[in-house]
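Below is one structure, written out as structure tokens; the observations come after it.
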Amino acid sequence: MRNILTTSLITHAARPDFAFLTGDLGFGALEPLRGVAGDRFINCGIAEQNMISVASGLGRLGFAPWVYSIAPFIYARPLEQIRNDVCLHRLPVCLIGNGGGYGYGVMGATHHALEDYGILCTLQGMRAYIPAFAPDVTAAIGRILAAREPAYLRLGRDELPSGADLPPYSPWRRLLAGGGGTMVIVGPLAGGILAVARELPAEARPSVWILCELPVRMEEIPELFLAELRSSRRLLVVEEHVAAGGAGQMLLHGLALRGEVPPRFEHRFARGYPSGLYGSQDFHRKECGLDPGSVLAGFRG
Amino acid sequence: MRELIRNAKLRLLRMHFEARVGHIGGNLSALEMLMTLYHRVLAPDDLFVLSKGHSAGALYTTLWSVGKLREDDLVQFHQEGTSLSGHPPATGIPDVIFATGSLGHGLGLAAGLALGKRLKGAPGRVFCLLSDGEWNEGSTWESLIFAAHQRLDSLTLMIDLNGLQGFGSTREVADLGSLKEKLESFGLDVEAVDGHDALSLERALLQPPTGGRPRALVARSIKGHGVSFMERKMEWHYHPMAAEQYAEAVREVTES
Ligand SMILES: [Mg+2]
């Protein structure tokens, strides 16, 4: 998704409020943006706390800065700067974290971001955008620019299966209709699940939804989703994020407030490092039961 | 200026006494710097960030002194439903552009403002008042490196070098030796000044930017300055004044 990020931001680089800050990362991807943005592309060095404060200073002067690092480095070290400098002032600063979840695979646990959007969504005015597929990145960027609020854009690997018919971007989209329960997936791992699920008979497979923006806004939940849920009486939320503060908890909370909690709720989430061993993103997903086979095996009508 | 500062000091003491609020020591060490900045230096295009947010009282009093806060505002200090919280608020006071109070944020914010002005081609300078204890924070050094590297010469740091921090003297807790030499070694244009001498402060603050280097005034000061029983005493980072202490403080300041 980094390449589409670069090409999308290049289309906005001439805006007077454009500024792009990086924490010394982006080699091999951001060079074309740097070439176009000139002095509005600022390598802040390996100093994330300062980078967020600088972005806030820019935000105060009318800029809408993009602040880039890899996902694990963008939200945790400078959390107080994000809370105080960005969010207390509701500044239009967008944090971009590349490689959310287990995205950096065998690079190891320090490079994973398993609690990023949950933590960030506790902050005033913060909205997390989690594109599921590469084309979503461009649409999410447009929405971030329009919102002019604190934002977090969590990027990953594009796993859209070939031949898939992707509906236009929206916080909620149904990718697949099915009679075997209702599934909500956050993030790119939706691609692999979709590829398997679509081969199943319609009555046996779940109805697959993807959710791309958090916190859950109740008014954005489609009526179709609620109607399906009332009839399926069974909800599974799948996300590459820990359970605490994740989309599953947020969604269930919202449904409970509306009196729409389904009789059966299941949750697949990042469980850290159950074996204490490290491997690829797929290795970690499998350890957590987040691989398509495990997700669908436990969820058939 | 002397009379203005004396009045501000009396108003500051009264505000803290009436609100039964501590933190008075670090407010008294910074008051002349803030008063000089606001009365003599800041132009309409200039911006200020109070990085040592615990000197909010001195900032509010200074804003009152220049007519940007009213008497009605000051009596709300530390009260329920106030904009004048114990540390500068995120909203409610147009001249306070950032909520501060956690140390180590202000210099990066100020650097962002200075960078933003340069990118926009906008006029004006940016001033940032820091404490000396604040140099324990790694983020302050991150921002120092950034400001020097980016050649943000519209940025001026004012450092309230009162020698005391939260639970000890700066020498006991984390001795930095000569902060002036350290800042110079990072490429800043540094001047040592008397933090209680308004004329020296004014002259130093009005110095034009020099050749791409941010400026820093290392302002030697006295915590609790002007009230003999508070001077250089760490406990006045915390204590509110009793009635007799307030009366004594007022007497000393009035007679100074
Ligand atoms: Mg001090």
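Identifiers in this document derive from the order of the structure tokens: chains are assigned A, B, ..., residues are numbered from 1 separately in each chain, and ligands are numbered from 1 in order of occurrence.
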Dump as a ChimeraX atom specification the residues of chain B that approach chain A to within 10 Å, counting only C-alpha atoms. /B:89-91,97-102,104-120,122,138-147,149-150
Could you pull the residues within 9 Å of range 27-34 of chain B, counting only C-alpha atoms, minus those fewer than 5 positions along the same chain, as a compact mmCIF listing (two decimals) with all heavy atoms, in the first residue's frame?
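New file out_27.txt:
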# COMPACT_ATOMS: atom_id res chain seq x y z
N ILE B 5 6.12 45.47 36.28
CA ILE B 5 6.52 44.14 36.78
C ILE B 5 6.10 43.99 38.25
O ILE B 5 5.58 42.95 38.65
CB ILE B 5 8.03 43.91 36.60
CG1 ILE B 5 8.33 43.73 35.11
CG2 ILE B 5 8.50 42.71 37.41
CD1 ILE B 5 9.79 43.70 34.75
N ALA B 8 2.44 43.34 38.33
CA ALA B 8 2.15 41.97 37.87
C ALA B 8 2.52 40.96 38.95
O ALA B 8 1.81 39.97 39.16
CB ALA B 8 2.91 41.68 36.57
N LYS B 9 3.63 41.22 39.61
CA LYS B 9 4.08 40.30 40.67
C LYS B 9 3.07 40.28 41.81
O LYS B 9 2.71 39.21 42.33
CB LYS B 9 5.47 40.72 41.16
CG LYS B 9 6.20 39.64 41.90
CD LYS B 9 7.63 40.06 42.23
CE LYS B 9 8.59 39.83 41.08
NZ LYS B 9 10.00 39.99 41.46
N LEU B 12 0.06 38.42 40.63
CA LEU B 12 0.37 36.98 40.59
C LEU B 12 0.28 36.37 41.99
O LEU B 12 -0.34 35.31 42.18
CB LEU B 12 1.78 36.79 40.02
CG LEU B 12 2.37 35.37 40.08
CD1 LEU B 12 1.64 34.44 39.12
CD2 LEU B 12 3.86 35.40 39.71
N LEU B 13 0.87 37.05 42.95
CA LEU B 13 0.83 36.54 44.33
C LEU B 13 -0.61 36.47 44.81
O LEU B 13 -1.03 35.48 45.42
CB LEU B 13 1.65 37.46 45.25
CG LEU B 13 3.17 37.35 45.09
CD1 LEU B 13 3.87 38.54 45.75
CD2 LEU B 13 3.70 36.03 45.68
N HIS B 39 5.51 42.85 26.84
CA HIS B 39 5.41 44.31 26.79
C HIS B 39 6.36 44.94 25.78
O HIS B 39 6.05 45.98 25.21
CB HIS B 39 5.68 44.91 28.18
CG HIS B 39 4.48 44.92 29.07
ND1 HIS B 39 3.49 45.88 28.98
CD2 HIS B 39 4.10 44.08 30.07
CE1 HIS B 39 2.55 45.64 29.89
NE2 HIS B 39 2.89 44.55 30.56
N HIS B 54 3.96 24.93 34.00
CA HIS B 54 3.66 25.20 35.41
C HIS B 54 3.85 26.67 35.77
O HIS B 54 3.57 27.06 36.89
CB HIS B 54 4.48 24.30 36.33
CG HIS B 54 5.96 24.33 36.08
ND1 HIS B 54 6.55 23.72 35.00
CD2 HIS B 54 6.97 24.90 36.77
CE1 HIS B 54 7.85 23.91 35.05
NE2 HIS B 54 8.13 24.64 36.11
N SER B 55 4.31 27.47 34.83
CA SER B 55 4.33 28.91 35.05
C SER B 55 3.10 29.57 34.41
O SER B 55 3.15 30.74 34.01
CB SER B 55 5.62 29.53 34.50
OG SER B 55 6.70 29.15 35.31
N ALA B 56 2.01 28.84 34.35
CA ALA B 56 0.79 29.40 33.77
C ALA B 56 0.36 30.67 34.50
O ALA B 56 -0.10 31.63 33.88
CB ALA B 56 -0.33 28.36 33.82
N GLY B 57 0.51 30.69 35.82
CA GLY B 57 0.10 31.87 36.59
C GLY B 57 0.82 33.13 36.11
O GLY B 57 0.21 34.19 35.94
N ALA B 58 2.12 33.01 35.90
CA ALA B 58 2.89 34.16 35.41
C ALA B 58 2.44 34.55 34.00
O ALA B 58 2.39 35.74 33.66
CB ALA B 58 4.39 33.83 35.43
N LEU B 59 2.09 33.57 33.19
CA LEU B 59 1.60 33.88 31.84
C LEU B 59 0.25 34.59 31.91
O LEU B 59 0.05 35.61 31.24
CB LEU B 59 1.50 32.59 31.02
CG LEU B 59 0.92 32.77 29.60
CD1 LEU B 59 1.80 33.69 28.76
CD2 LEU B 59 0.78 31.41 28.91
N THR B 61 -0.98 36.31 34.35
CA THR B 61 -0.79 37.64 34.91
C THR B 61 -0.20 38.58 33.86
O THR B 61 -0.57 39.75 33.77
CB THR B 61 0.13 37.56 36.14
OG1 THR B 61 -0.36 36.53 37.01
CG2 THR B 61 0.15 38.86 36.89
N THR B 62 0.71 38.05 33.07
CA THR B 62 1.32 38.87 32.01
C THR B 62 0.27 39.23 30.95
O THR B 62 0.20 40.38 30.49
CB THR B 62 2.50 38.11 31.38
OG1 THR B 62 3.47 37.86 32.39
CG2 THR B 62 3.13 38.92 30.25
N LEU B 129 9.55 29.55 26.07
CA LEU B 129 10.15 29.60 27.41
C LEU B 129 10.19 28.19 28.00
O LEU B 129 9.14 27.54 28.15
CB LEU B 129 9.33 30.53 28.32
CG LEU B 129 9.79 30.62 29.78
CD1 LEU B 129 11.22 31.13 29.91
CD2 LEU B 129 8.84 31.52 30.58
N SER B 131 11.93 25.47 31.07
CA SER B 131 12.56 25.41 32.39
C SER B 131 13.94 24.78 32.24
O SER B 131 14.31 24.31 31.16
CB SER B 131 11.70 24.57 33.34
OG SER B 131 11.80 23.20 33.01
N MET B 158 14.04 30.71 25.47
CA MET B 158 14.37 31.39 26.72
C MET B 158 14.38 30.29 27.78
O MET B 158 13.38 29.58 27.94
CB MET B 158 13.29 32.41 27.06
CG MET B 158 13.04 33.41 25.94
SD MET B 158 11.37 34.11 26.02
CE MET B 158 11.52 35.12 27.49
N ASP B 160 14.68 29.33 31.64
CA ASP B 160 14.58 29.84 33.02
C ASP B 160 15.50 28.99 33.90
O ASP B 160 15.10 27.96 34.43
CB ASP B 160 13.12 29.73 33.47
CG ASP B 160 12.92 30.30 34.86
OD1 ASP B 160 13.90 30.74 35.48
OD2 ASP B 160 11.77 30.28 35.34
N LEU B 161 16.72 29.46 34.03
CA LEU B 161 17.75 28.67 34.71
C LEU B 161 17.72 28.96 36.21
O LEU B 161 18.60 29.63 36.75
CB LEU B 161 19.12 29.02 34.12
CG LEU B 161 20.25 28.01 34.29
CD1 LEU B 161 20.06 26.84 33.33
CD2 LEU B 161 21.60 28.68 34.03
N ASN B 162 16.68 28.45 36.88
CA ASN B 162 16.57 28.73 38.32
C ASN B 162 17.23 27.68 39.19
O ASN B 162 17.24 27.78 40.42
CB ASN B 162 15.10 28.95 38.72
CG ASN B 162 14.23 27.73 38.46
OD1 ASN B 162 14.70 26.60 38.48
ND2 ASN B 162 12.94 27.96 38.21
N GLY B 195 18.02 36.76 34.32
CA GLY B 195 16.59 36.54 34.08
C GLY B 195 15.68 37.52 34.81
O GLY B 195 14.46 37.48 34.61
N HIS B 196 16.23 38.33 35.65
CA HIS B 196 15.40 39.29 36.37
C HIS B 196 15.70 40.74 35.97
O HIS B 196 15.17 41.67 36.57
CB HIS B 196 15.57 39.10 37.89
CG HIS B 196 15.18 37.72 38.32
ND1 HIS B 196 13.90 37.23 38.18
CD2 HIS B 196 15.92 36.71 38.85
CE1 HIS B 196 13.86 35.97 38.62
NE2 HIS B 196 15.07 35.64 39.01
N ASP B 197 16.53 40.89 34.97
CA ASP B 197 16.90 42.24 34.52
C ASP B 197 16.17 42.52 33.20
O ASP B 197 16.58 42.07 32.12
CB ASP B 197 18.42 42.30 34.33
CG ASP B 197 18.87 43.65 33.80
OD1 ASP B 197 18.01 44.51 33.48
OD2 ASP B 197 20.09 43.84 33.67
N ALA B 198 15.07 43.27 33.34
CA ALA B 198 14.21 43.48 32.17
C ALA B 198 14.95 44.15 31.01
O ALA B 198 14.73 43.81 29.84
CB ALA B 198 12.98 44.30 32.56
N LEU B 201 17.16 41.59 29.31
CA LEU B 201 16.29 40.64 28.60
C LEU B 201 15.76 41.25 27.31
O LEU B 201 15.77 40.61 26.25
CB LEU B 201 15.12 40.23 29.50
CG LEU B 201 15.43 39.27 30.64
CD1 LEU B 201 14.27 39.21 31.63
CD2 LEU B 201 15.74 37.87 30.11
N GLU B 202 15.32 42.49 27.41
CA GLU B 202 14.77 43.16 26.23
C GLU B 202 15.81 43.26 25.13
O GLU B 202 15.54 42.93 23.97
CB GLU B 202 14.25 44.54 26.62
CG GLU B 202 13.66 45.31 25.44
CD GLU B 202 13.18 46.69 25.84
OE1 GLU B 202 13.01 46.95 27.05
OE2 GLU B 202 12.98 47.52 24.94
N ALA B 219 18.86 32.21 30.87
CA ALA B 219 18.53 33.29 31.80
C ALA B 219 18.66 32.80 33.24
O ALA B 219 17.80 32.07 33.74
CB ALA B 219 17.10 33.79 31.53
N SER B 221 18.24 32.69 36.93
CA SER B 221 17.13 33.26 37.68
C SER B 221 17.07 32.64 39.07
O SER B 221 17.82 31.73 39.39
CB SER B 221 15.80 32.99 36.95
OG SER B 221 15.55 31.60 36.97
N ILE B 222 16.17 33.18 39.87
CA ILE B 222 16.01 32.70 41.25
C ILE B 222 14.58 32.25 41.43
O ILE B 222 13.64 33.05 41.22
CB ILE B 222 16.35 33.83 42.24
CG1 ILE B 222 17.82 34.23 42.10
CG2 ILE B 222 16.02 33.41 43.67
CD1 ILE B 222 18.19 35.50 42.85
N LYS B 223 14.43 30.99 41.78
CA LYS B 223 13.08 30.50 42.05
C LYS B 223 12.53 31.25 43.25
O LYS B 223 13.20 31.38 44.27
CB LYS B 223 13.13 28.99 42.32
CG LYS B 223 11.83 28.28 42.03
CD LYS B 223 12.07 26.82 41.71
CE LYS B 223 10.75 26.14 41.34
NZ LYS B 223 10.96 24.83 40.76
N GLY B 224 11.32 31.76 43.15
CA GLY B 224 10.75 32.55 44.25
C GLY B 224 11.27 33.97 44.30
O GLY B 224 11.14 34.64 45.33
N HIS B 225 11.83 34.45 43.19
CA HIS B 225 12.50 35.74 43.18
C HIS B 225 11.63 36.88 43.72
O HIS B 225 10.46 37.01 43.34
CB HIS B 225 12.93 36.10 41.75
CG HIS B 225 13.63 37.41 41.64
ND1 HIS B 225 13.02 38.54 41.15
CD2 HIS B 225 14.89 37.79 42.00
CE1 HIS B 225 13.87 39.55 41.17
NE2 HIS B 225 15.00 39.12 41.68
N GLY B 226 12.21 37.67 44.59
CA GLY B 226 11.53 38.86 45.10
C GLY B 226 10.82 38.65 46.42
O GLY B 226 10.35 39.61 47.03
N VAL B 227 10.73 37.40 46.84
CA VAL B 227 10.12 37.11 48.15
C VAL B 227 11.16 36.30 48.92
O VAL B 227 11.39 35.13 48.63
CB VAL B 227 8.81 36.30 47.99
CG1 VAL B 227 8.20 36.02 49.36
CG2 VAL B 227 7.82 37.06 47.11
N HIS B 237 7.88 25.24 45.02
CA HIS B 237 7.34 24.69 43.78
C HIS B 237 5.95 24.14 44.05
O HIS B 237 5.15 23.95 43.15
CB HIS B 237 8.26 23.56 43.27
CG HIS B 237 7.92 23.04 41.90
ND1 HIS B 237 8.39 23.63 40.75
CD2 HIS B 237 7.12 22.01 41.49
CE1 HIS B 237 7.93 22.96 39.70
NE2 HIS B 237 7.15 21.98 40.12
By how many Å are CA of Tyr152 in chain A and CA of Thr11 in chain A apart? 19.5 Å
For a test of reading the model, state the distance in Å between CA of Tyr75 in chain A and CA of Asp136 in chain A, rounded to one decimal. 21.5 Å
Would you mind listing the residues within 6 Å of ligand 1, counting only C-alpha atoms and all ligand atoms, as a ChimeraX atom specification? /B:131-133,162-165
What does the file look like for those residues with N, CA, C and O atoms, as a PDB file, in the first residue's frame?
ATOM      1  N   SER B 131      11.929  25.473  31.070  1.00  0.00           N
ATOM      2  CA  SER B 131      12.558  25.408  32.390  1.00  0.00           C
ATOM      3  C   SER B 131      13.938  24.783  32.240  1.00  0.00           C
ATOM      4  O   SER B 131      14.314  24.313  31.159  1.00  0.00           O
ATOM      5  N   ASP B 132      14.686  24.764  33.328  1.00  0.00           N
ATOM      6  CA  ASP B 132      15.975  24.048  33.258  1.00  0.00           C
ATOM      7  C   ASP B 132      15.779  22.556  33.508  1.00  0.00           C
ATOM      8  O   ASP B 132      16.403  21.723  32.863  1.00  0.00           O
ATOM      9  N   GLY B 133      14.841  22.208  34.394  1.00  0.00           N
ATOM     10  CA  GLY B 133      14.571  20.790  34.633  1.00  0.00           C
ATOM     11  C   GLY B 133      14.109  20.085  33.366  1.00  0.00           C
ATOM     12  O   GLY B 133      14.308  18.877  33.188  1.00  0.00           O
ATOM     13  N   ASN B 162      16.678  28.450  36.881  1.00  0.00           N
ATOM     14  CA  ASN B 162      16.565  28.733  38.319  1.00  0.00           C
ATOM     15  C   ASN B 162      17.234  27.679  39.194  1.00  0.00           C
ATOM     16  O   ASN B 162      17.237  27.784  40.419  1.00  0.00           O
ATOM     17  N   GLY B 163      17.802  26.666  38.565  1.00  0.00           N
ATOM     18  CA  GLY B 163      18.639  25.721  39.314  1.00  0.00           C
ATOM     19  C   GLY B 163      17.882  24.703  40.152  1.00  0.00           C
ATOM     20  O   GLY B 163      18.497  23.862  40.788  1.00  0.00           O
ATOM     21  N   LEU B 164      16.567  24.802  40.131  1.00  0.00           N
ATOM     22  CA  LEU B 164      15.772  23.853  40.910  1.00  0.00           C
ATOM     23  C   LEU B 164      14.805  23.132  39.999  1.00  0.00           C
ATOM     24  O   LEU B 164      14.323  23.685  39.016  1.00  0.00           O
ATOM     25  N   GLN B 165      14.507  21.892  40.360  1.00  0.00           N
ATOM     26  CA  GLN B 165      13.466  21.154  39.648  1.00  0.00           C
ATOM     27  C   GLN B 165      12.595  20.444  40.656  1.00  0.00           C
ATOM     28  O   GLN B 165      12.584  20.817  41.824  1.00  0.00           O
TER      29      GLN B 165
END
